[in-house]
$ cat structure.txt   # compact mmCIF, C-alpha atoms
# COMPACT_ATOMS: atom_id res chain seq x y z
CA MET A 1 19.75 8.51 12.69
CA LYS A 2 17.44 5.84 14.15
CA LYS A 3 14.84 8.47 15.00
CA LEU A 4 14.94 9.76 11.44
CA TYR A 5 14.52 6.24 10.04
CA PHE A 6 11.59 5.55 12.35
CA ASN A 7 9.84 8.78 11.39
CA LEU A 8 10.22 7.84 7.73
CA LEU A 9 8.84 4.39 8.38
CA LEU A 10 5.72 5.90 9.91
CA LEU A 11 4.89 7.13 6.42
CA THR A 12 5.62 3.86 4.66
CA LEU A 13 2.66 1.90 5.98
CA ILE A 14 0.01 4.45 5.06
CA PRO A 15 -2.69 2.36 3.36
CA VAL A 16 -2.69 4.48 0.23
CA HIS A 17 -5.97 2.99 -0.92
CA SER A 18 -8.16 4.41 1.85
CA PHE A 19 -9.53 7.41 0.02
CA CYS A 20 -13.23 6.58 -0.29
CA GLN A 21 -15.45 9.54 -1.02
CA GLN A 22 -18.00 10.18 1.65
CA LYS A 23 -21.12 10.23 -0.54
CA GLN A 24 -22.94 6.89 -0.55
CA VAL A 25 -24.92 5.49 -3.47
CA ASN A 26 -28.04 3.37 -3.49
CA SER A 27 -26.90 -0.24 -3.36
CA SER A 28 -29.87 -1.33 -5.46
CA SER A 29 -28.36 0.55 -8.42
CA ILE A 30 -25.14 -1.46 -8.34
CA LYS A 31 -25.05 -4.11 -11.05
CA GLU A 32 -22.68 -6.95 -11.86
CA GLU A 33 -20.57 -6.49 -8.75
CA ILE A 34 -18.94 -9.25 -6.81
CA ILE A 35 -20.05 -8.87 -3.22
CA ILE A 36 -17.68 -10.40 -0.73
CA GLY A 37 -19.32 -11.58 2.46
CA ASP A 38 -17.94 -11.66 5.97
CA HIS A 39 -15.43 -14.48 6.08
CA GLU A 40 -11.75 -15.07 6.55
CA ASP A 41 -9.81 -12.88 4.11
CA GLY A 42 -7.10 -15.47 3.64
CA LYS A 43 -4.77 -17.90 5.37
CA ILE A 44 -1.10 -18.81 5.56
CA GLU A 45 -0.40 -22.29 4.27
CA ASP A 46 2.78 -23.99 3.08
CA GLY A 47 4.78 -20.77 3.35
CA LYS A 48 2.26 -18.79 1.29
CA TYR A 49 -0.51 -16.33 2.06
CA LYS A 50 -3.57 -17.48 0.09
CA CYS A 51 -6.21 -14.79 -0.38
CA ASN A 52 -9.89 -15.79 -0.29
CA LEU A 53 -11.13 -12.51 -1.75
CA PHE A 54 -9.76 -13.10 -5.24
CA ASP A 55 -7.37 -15.42 -7.03
CA TRP A 56 -4.08 -14.33 -5.50
CA GLN A 57 -1.40 -15.88 -3.34
CA ILE A 58 2.07 -14.74 -2.40
CA GLU A 59 5.06 -16.56 -0.99
CA ILE A 60 6.50 -15.36 2.30
CA PRO A 61 10.26 -15.10 1.59
CA GLU A 62 12.64 -17.13 3.69
CA GLY A 63 13.79 -15.22 6.77
CA PHE A 64 10.77 -12.88 6.83
CA THR A 65 8.27 -12.81 9.68
CA ILE A 66 4.60 -11.84 9.80
CA THR A 67 4.05 -8.28 11.05
CA SER A 68 1.60 -8.10 13.95
CA LYS A 69 -1.73 -6.37 13.42
CA GLU A 70 -1.01 -4.16 16.44
CA ARG A 71 2.25 -2.85 15.01
CA THR A 72 0.73 -2.35 11.57
CA LYS A 73 -2.13 -0.33 13.04
CA GLU A 74 0.25 1.82 15.10
CA LEU A 75 2.29 2.75 12.02
CA GLU A 76 -0.85 3.37 9.96
CA ASP A 77 -2.19 5.73 12.62
CA LYS A 78 0.95 7.85 12.38
CA GLY A 79 0.70 7.88 8.61
CA TYR A 80 -2.89 9.06 8.70
CA GLU A 81 -1.97 11.86 11.07
CA ALA A 82 0.77 13.03 8.67
CA MET A 83 -1.60 12.99 5.70
CA LYS A 84 -4.34 14.91 7.47
CA GLU A 85 -1.83 17.49 8.71
CA HIS A 86 0.09 18.14 5.49
CA ALA A 87 -2.08 17.16 2.50
CA THR A 88 -4.96 19.28 1.20
CA GLU A 89 -6.94 16.11 0.45
CA GLY A 90 -5.96 14.45 3.71
CA LYS A 91 -9.44 14.95 5.10
CA ASN A 92 -10.77 12.61 2.40
CA VAL A 93 -8.69 9.67 3.62
CA THR A 94 -10.80 7.20 5.61
CA ARG A 95 -10.18 4.12 7.74
CA SER A 96 -12.14 1.50 5.83
CA SER A 97 -9.35 -0.82 4.71
CA THR A 98 -8.31 -4.34 5.64
CA THR A 99 -4.72 -5.52 5.87
CA LEU A 100 -4.51 -8.87 4.09
CA ILE A 101 -0.88 -9.74 4.84
CA SER A 102 2.21 -7.92 6.05
CA PHE A 103 5.65 -9.45 6.49
CA GLU A 104 9.09 -8.03 7.19
CA LYS A 105 12.78 -8.80 7.42
CA ASP A 106 13.15 -5.95 9.90
CA LYS A 107 11.39 -2.64 10.51
CA TYR A 108 13.02 -1.00 7.48
CA ASN A 109 12.31 -3.79 4.97
CA ILE A 110 8.64 -4.69 4.84
CA PHE A 111 5.79 -5.74 2.53
CA SER A 112 2.11 -5.04 3.12
CA ALA A 113 -1.04 -5.72 1.05
CA ASN A 114 -4.48 -4.22 1.68
CA TYR A 115 -8.00 -4.40 0.28
CA GLU A 116 -10.92 -1.96 0.49
CA SER A 117 -14.50 -2.42 -0.67
CA LEU A 118 -15.92 0.15 -3.09
CA ILE A 119 -19.42 -1.31 -2.94
CA GLY A 120 -22.07 1.22 -1.98
CA LYS A 121 -19.68 4.16 -2.35
CA LYS A 122 -19.32 6.84 -4.97
CA LYS A 123 -15.93 5.86 -6.30
CA MET A 124 -13.33 7.65 -8.36
CA THR A 125 -12.30 6.31 -11.72
CA PHE A 126 -8.96 4.56 -11.57
CA ASP A 127 -7.30 7.48 -13.36
CA GLU A 128 -8.78 9.91 -10.81
CA TYR A 129 -7.58 7.71 -7.97
CA LYS A 130 -4.03 7.55 -9.36
CA ALA A 131 -3.82 11.35 -9.62
CA PHE A 132 -5.35 11.73 -6.13
CA MET A 133 -2.82 9.41 -4.47
CA PHE A 134 0.18 10.88 -6.29
CA GLN A 135 -0.76 14.36 -5.08
CA LEU A 136 -1.52 13.07 -1.58
CA LEU A 137 1.89 11.45 -1.21
CA GLU A 138 3.73 14.43 -2.70
CA GLU A 139 2.05 16.88 -0.31
CA THR A 140 2.58 14.61 2.70
CA TYR A 141 6.32 14.21 2.10
CA SER A 142 6.95 17.82 1.18
CA GLY A 143 4.94 18.93 4.21
CA LYS A 144 7.17 16.82 6.43
CA GLY A 145 10.21 18.62 4.99
CA LEU A 146 11.71 15.43 3.55
CA LYS A 147 14.07 15.20 0.60
CA TYR A 148 12.53 12.84 -1.93
CA ASP A 149 11.79 12.09 -5.55
CA ILE A 150 8.61 10.45 -6.79
CA ALA A 151 7.52 8.87 -10.08
CA LYS A 152 4.51 6.93 -11.33
CA SER A 153 3.93 4.36 -14.07
CA ASP A 154 1.34 1.85 -15.28
CA LEU A 155 1.92 -1.87 -15.65
CA LYS A 156 0.08 -5.14 -16.16
CA LEU A 157 0.33 -7.84 -13.51
CA GLY A 158 -1.41 -10.99 -14.65
CA LYS A 159 -4.82 -9.91 -15.94
CA TYR A 160 -4.97 -6.76 -13.79
CA ASP A 161 -4.03 -3.16 -14.63
CA PHE A 162 -1.83 -1.67 -11.90
CA ASN A 163 -0.41 1.74 -11.11
CA LYS A 164 3.00 2.00 -9.45
CA ILE A 165 4.34 4.94 -7.45
CA LEU A 166 8.07 4.86 -6.73
CA VAL A 167 9.51 7.06 -3.96
CA HIS A 168 13.13 7.60 -2.89
CA LEU A 169 13.77 9.27 0.45
CA TYR A 170 17.15 10.92 1.15
CA HIS A 171 19.13 11.96 4.19
CA PRO A 172 18.50 15.71 4.75
CA LYS A 173 22.21 16.51 5.22
CA THR A 174 24.17 14.02 3.13
CA ASP A 175 21.57 13.36 0.38
CA ALA A 176 22.30 9.65 0.75
CA LEU A 177 19.42 7.35 -0.20
CA ILE A 178 17.96 5.96 3.01
CA LEU A 179 14.66 4.39 1.99
CA THR A 180 12.88 3.27 -1.18
CA GLN A 181 9.13 2.76 -1.44
CA GLU A 182 7.05 1.04 -4.09
CA PHE A 183 3.26 1.47 -3.97
CA TYR A 184 1.04 -0.64 -6.25
CA SER A 185 -2.72 -0.27 -6.74
CA SER A 186 -5.48 -1.81 -8.84
CA TYR A 187 -9.28 -2.08 -8.96
CA ILE A 188 -10.14 -5.77 -8.54
CA ASN A 189 -13.66 -7.21 -8.17
CA ASN A 190 -15.12 -3.82 -7.29
CA HIS A 191 -12.53 -3.46 -4.54
CA LEU A 192 -9.35 -1.41 -4.38
CA TYR A 193 -6.24 -3.52 -3.81
CA THR A 194 -2.91 -1.95 -2.84
CA ALA A 195 0.51 -3.22 -1.87
CA GLY A 196 3.47 -1.37 -0.39
CA ILE A 197 7.11 -2.43 -0.48
CA ASN A 198 9.57 -0.47 1.65
CA TYR A 199 13.27 -1.18 1.83
CA GLN A 200 16.75 0.06 2.67
CA SER A 201 18.52 -3.00 1.29
CA GLU A 202 18.51 -3.22 -2.52
CA ASP A 203 18.82 -7.00 -2.27
CA LEU A 204 15.79 -7.28 0.00
CA GLY A 205 13.90 -4.82 -2.18
CA TYR A 206 14.56 -6.99 -5.22
CA ILE A 207 13.36 -10.09 -3.37
CA MET A 208 10.11 -8.44 -2.27
CA SER A 209 9.43 -6.79 -5.65
CA TYR A 210 10.11 -9.96 -7.62
CA ASN A 211 8.07 -11.97 -5.14
CA PHE A 212 5.12 -9.60 -5.50
CA ILE A 213 5.19 -9.36 -9.30
CA LYS A 214 5.36 -13.12 -9.81
CA SER A 215 2.41 -13.61 -7.42
CA PHE A 216 0.08 -12.44 -10.23
CA LYS A 217 1.49 -14.72 -12.94
$ encode --input "structure.txt" --output "structure tokens"
Amino acid sequence: MKKLYFNLLLLTLIPVHSFCQQKQVNSSSIKEEIIIGDHEDGKIEDGKYKCNLFDWQIEIPEGFTITSKERTKELEDKGYEAMKEHATEGKNVTRSSTTLISFEKDKYNIFSANYESLIGKKKMTFDEYKAFMFQLLEETYSGKGLKYDIAKSDLKLGKYDFNKILVHLYHPKTDALILTQEFYSSYINNHLYTAGINYQSEDLGYIMSYNFIKSFK
């Protein structure tokens, strides 16, 4: 059972925002874009992660610890491999994202937020991106032979329009629910922001989801 859980977790930290199309555009043609220079993306202060890229901060729930960059990268690498192997659009997934903050209660209950610049790239519309990622996740999970259901919806968090993808993963023999995933994405300041919430415990899932949603109020 532990091996099964771990294999599922390898898919949970896929940065679902890293899709950027390969064609570049002339940067001189870009107008009214907020260009973010090279500086610290954010900092942890008074129990909160405070983002410097845009007006956002999130509390780190009591009892959660910061996930190391090394562990995050290891899990992301496995997720990329799964996408490229099983999804028809997997080849269009790139490694141009930045992890802003990731924290966890344990390896099955974890939150992660990422940000990717769209400046100088031919970008999809947000509707195109939403359809792209929904198909990418569906093909990846079905290609891995997992039992799952998946749904998408739109919502408003603060002043930003978000898309949410909800995934339930089930035990292949008993059909018991073993993992829930919530993926959120939005275009913010000419960047693509995404957050992933993965949990086995409904109580911990509620804490992370509530914590994330109120961070934009």
$ atom_distance --input "structure.txt" --atom1 "CA of Tyr160 in chain A" --atom2 "CA of Lys43 in chain A"
22.2 Å
$ atom_distance --input "structure.txt" --atom1 "CA of Glu182 in chain A" --atom2 "CA of Ser117 in chain A"
22.1 Å
$ residues_near_point --input "structure.txt" --point "(6.9, -8.9, 6.0)" --cutoff "8 Å" --atoms "only C-alpha atoms" --output "PyMOL selection string"
chain A and resi 60+64-67+101-106+109-112
$ residues_around --input "structure.txt" --residues "Lys48 in chain A" --least-positions-apart "5" --cutoff "7 Å" --atoms "all atoms listed in the file" --output "list of chain:residue names"
A:Gln57, A:Ile58, A:Glu59, A:Ile60
$ residues_around --input "structure.txt" --residues "Ile213 in chain A" --least-positions-apart "2" --cutoff "10 Å" --atoms "only C-alpha atoms" --output "list in words"
Ile58, Lys156, Leu157, Gly158, Met208, Ser209, Tyr210, Asn211, Ser215, Phe216 and Lys217 of chain A
$ atom_distance --input "structure.txt" --atom1 "CA of Tyr206 in chain A" --atom2 "CA of Asn189 in chain A"
28.4 Å
$ residues_around --input "structure.txt" --residues "range 141-153 of chain A" --least-positions-apart "5" --cutoff "8 Å" --atoms "all atoms listed in the file" --output "number ranges by chain"
A: 82, 86-87, 134, 163-172, 175
$ write_last_selection --input "structure.txt" --atoms "C-alpha atoms" --output "compact mmCIF listing (two decimals), keeping the file's coordinate frame"
# COMPACT_ATOMS: atom_id res chain seq x y z
CA ALA A 82 0.77 13.03 8.67
CA HIS A 86 0.09 18.14 5.49
CA ALA A 87 -2.08 17.16 2.50
CA PHE A 134 0.18 10.88 -6.29
CA ASN A 163 -0.41 1.74 -11.11
CA LYS A 164 3.00 2.00 -9.45
CA ILE A 165 4.34 4.94 -7.45
CA LEU A 166 8.07 4.86 -6.73
CA VAL A 167 9.51 7.06 -3.96
CA HIS A 168 13.13 7.60 -2.89
CA LEU A 169 13.77 9.27 0.45
CA TYR A 170 17.15 10.92 1.15
CA HIS A 171 19.13 11.96 4.19
CA PRO A 172 18.50 15.71 4.75
CA ASP A 175 21.57 13.36 0.38
$ closest_residue --input "structure.txt" --among "A:Ser185, A:Ala195, A:Glu45, A:Phe54" --to "Met133 in chain A" --atoms "only C-alpha atoms"
A:Ser185
$ closest_residue --input "structure.txt" --among "A:Asp154, A:Glu202, A:Glu74, A:Glu128" --to "Phe183 in chain A" --atoms "all atoms listed in the file"
A:Asp154
$ closest_residue --input "structure.txt" --among "A:Thr140, A:Thr125, A:Ser186, A:Asn198" --to "Tyr108 in chain A" --atoms "all atoms listed in the file"
A:Asn198
$ decode --input "structure.txt" --residues "range 158-171 of chain A" --atoms "all heavy atoms" --output "tab-separated table (two decimals), in the first residue's frame"
chain	number	residue	atom	x	y	z
A	158	GLY	N	-10.71	36.66	-4.47
A	158	GLY	CA	-10.35	38.07	-4.43
A	158	GLY	C	-10.73	38.72	-5.74
A	158	GLY	O	-11.86	38.59	-6.21
A	159	LYS	N	-9.78	39.38	-6.38
A	159	LYS	CA	-10.05	40.04	-7.67
A	159	LYS	C	-9.62	39.19	-8.86
A	159	LYS	O	-9.68	39.65	-10.00
A	159	LYS	CB	-9.33	41.38	-7.72
A	159	LYS	CG	-7.81	41.29	-7.60
A	159	LYS	CD	-7.19	42.69	-7.61
A	159	LYS	CE	-5.67	42.62	-7.48
A	159	LYS	NZ	-5.06	43.98	-7.49
A	160	TYR	N	-9.21	37.94	-8.62
A	160	TYR	CA	-8.66	37.11	-9.68
A	160	TYR	C	-9.63	36.00	-10.10
A	160	TYR	O	-10.31	35.39	-9.26
A	160	TYR	CB	-7.34	36.48	-9.24
A	160	TYR	CG	-6.30	37.49	-8.83
A	160	TYR	CD1	-5.86	37.57	-7.51
A	160	TYR	CD2	-5.76	38.38	-9.76
A	160	TYR	CE1	-4.91	38.50	-7.13
A	160	TYR	CE2	-4.80	39.31	-9.39
A	160	TYR	CZ	-4.39	39.37	-8.07
A	160	TYR	OH	-3.45	40.29	-7.70
A	161	ASP	N	-9.68	35.71	-11.40
A	161	ASP	CA	-10.45	34.60	-11.93
A	161	ASP	C	-9.60	33.33	-11.89
A	161	ASP	O	-8.50	33.29	-12.46
A	161	ASP	CB	-10.87	34.88	-13.38
A	161	ASP	CG	-11.85	36.05	-13.47
A	161	ASP	OD1	-12.77	36.12	-12.63
A	161	ASP	OD2	-11.68	36.89	-14.38
A	162	PHE	N	-10.11	32.29	-11.24
A	162	PHE	CA	-9.38	31.04	-11.09
A	162	PHE	C	-10.14	29.90	-11.75
A	162	PHE	O	-11.36	29.93	-11.89
A	162	PHE	CB	-9.20	30.70	-9.61
A	162	PHE	CG	-7.93	31.23	-9.00
A	162	PHE	CD1	-7.87	32.55	-8.57
A	162	PHE	CD2	-6.82	30.42	-8.86
A	162	PHE	CE1	-6.71	33.05	-8.00
A	162	PHE	CE2	-5.65	30.91	-8.30
A	162	PHE	CZ	-5.59	32.23	-7.86
A	163	ASN	N	-9.39	28.89	-12.15
A	163	ASN	CA	-9.95	27.61	-12.56
A	163	ASN	C	-9.53	26.57	-11.52
A	163	ASN	O	-8.41	26.60	-11.02
A	163	ASN	CB	-9.42	27.21	-13.94
A	163	ASN	CG	-9.93	25.84	-14.38
A	163	ASN	OD1	-9.16	24.89	-14.49
A	163	ASN	ND2	-11.22	25.75	-14.62
A	164	LYS	N	-10.44	25.67	-11.21
A	164	LYS	CA	-10.16	24.60	-10.25
A	164	LYS	C	-10.38	23.25	-10.91
A	164	LYS	O	-11.38	23.04	-11.59
A	164	LYS	CB	-11.08	24.72	-9.03
A	164	LYS	CG	-10.93	23.59	-8.02
A	164	LYS	CD	-11.92	23.75	-6.87
A	164	LYS	CE	-11.83	22.60	-5.88
A	164	LYS	NZ	-12.81	22.74	-4.77
A	165	ILE	N	-9.42	22.36	-10.74
A	165	ILE	CA	-9.57	20.97	-11.18
A	165	ILE	C	-9.53	20.09	-9.93
A	165	ILE	O	-8.59	20.17	-9.14
A	165	ILE	CB	-8.45	20.55	-12.16
A	165	ILE	CG1	-8.51	21.41	-13.42
A	165	ILE	CG2	-8.58	19.07	-12.52
A	165	ILE	CD1	-7.39	21.12	-14.42
A	166	LEU	N	-10.56	19.29	-9.76
A	166	LEU	CA	-10.68	18.41	-8.59
A	166	LEU	C	-10.53	16.97	-9.05
A	166	LEU	O	-11.22	16.52	-9.96
A	166	LEU	CB	-12.04	18.61	-7.92
A	166	LEU	CG	-12.36	17.71	-6.73
A	166	LEU	CD1	-11.43	17.99	-5.57
A	166	LEU	CD2	-13.82	17.89	-6.31
A	167	VAL	N	-9.62	16.23	-8.40
A	167	VAL	CA	-9.34	14.84	-8.76
A	167	VAL	C	-9.48	13.96	-7.53
A	167	VAL	O	-8.98	14.30	-6.45
A	167	VAL	CB	-7.92	14.68	-9.34
A	167	VAL	CG1	-7.67	13.23	-9.74
A	167	VAL	CG2	-7.70	15.61	-10.53
A	168	HIS	N	-10.17	12.83	-7.68
A	168	HIS	CA	-10.22	11.80	-6.64
A	168	HIS	C	-9.53	10.55	-7.20
A	168	HIS	O	-9.84	10.10	-8.31
A	168	HIS	CB	-11.65	11.46	-6.26
A	168	HIS	CG	-12.39	12.59	-5.62
A	168	HIS	ND1	-13.44	13.24	-6.23
A	168	HIS	CD2	-12.21	13.22	-4.43
A	168	HIS	CE1	-13.89	14.19	-5.43
A	168	HIS	NE2	-13.16	14.19	-4.34
A	169	LEU	N	-8.62	10.00	-6.43
A	169	LEU	CA	-7.92	8.78	-6.81
A	169	LEU	C	-8.34	7.65	-5.89
A	169	LEU	O	-8.42	7.82	-4.67
A	169	LEU	CB	-6.41	9.00	-6.71
A	169	LEU	CG	-5.84	10.09	-7.63
A	169	LEU	CD1	-4.41	10.41	-7.26
A	169	LEU	CD2	-5.94	9.69	-9.09
A	170	TYR	N	-8.60	6.46	-6.50
A	170	TYR	CA	-9.18	5.34	-5.75
A	170	TYR	C	-8.27	4.13	-5.76
A	170	TYR	O	-7.48	3.92	-6.70
A	170	TYR	CB	-10.54	4.96	-6.36
A	170	TYR	CG	-11.53	6.09	-6.37
A	170	TYR	CD1	-11.68	6.90	-7.50
A	170	TYR	CD2	-12.32	6.35	-5.26
A	170	TYR	CE1	-12.60	7.94	-7.51
A	170	TYR	CE2	-13.25	7.38	-5.26
A	170	TYR	CZ	-13.38	8.19	-6.39
A	170	TYR	OH	-14.28	9.22	-6.41
A	171	HIS	N	-8.41	3.31	-4.72
A	171	HIS	CA	-7.66	2.06	-4.65
A	171	HIS	C	-8.11	1.15	-5.80
A	171	HIS	O	-9.31	0.98	-6.04
A	171	HIS	CB	-7.91	1.37	-3.30
A	171	HIS	CG	-6.98	0.23	-3.04
A	171	HIS	ND1	-7.11	-1.00	-3.65
A	171	HIS	CD2	-5.90	0.14	-2.22
A	171	HIS	CE1	-6.16	-1.79	-3.22
A	171	HIS	NE2	-5.40	-1.14	-2.36
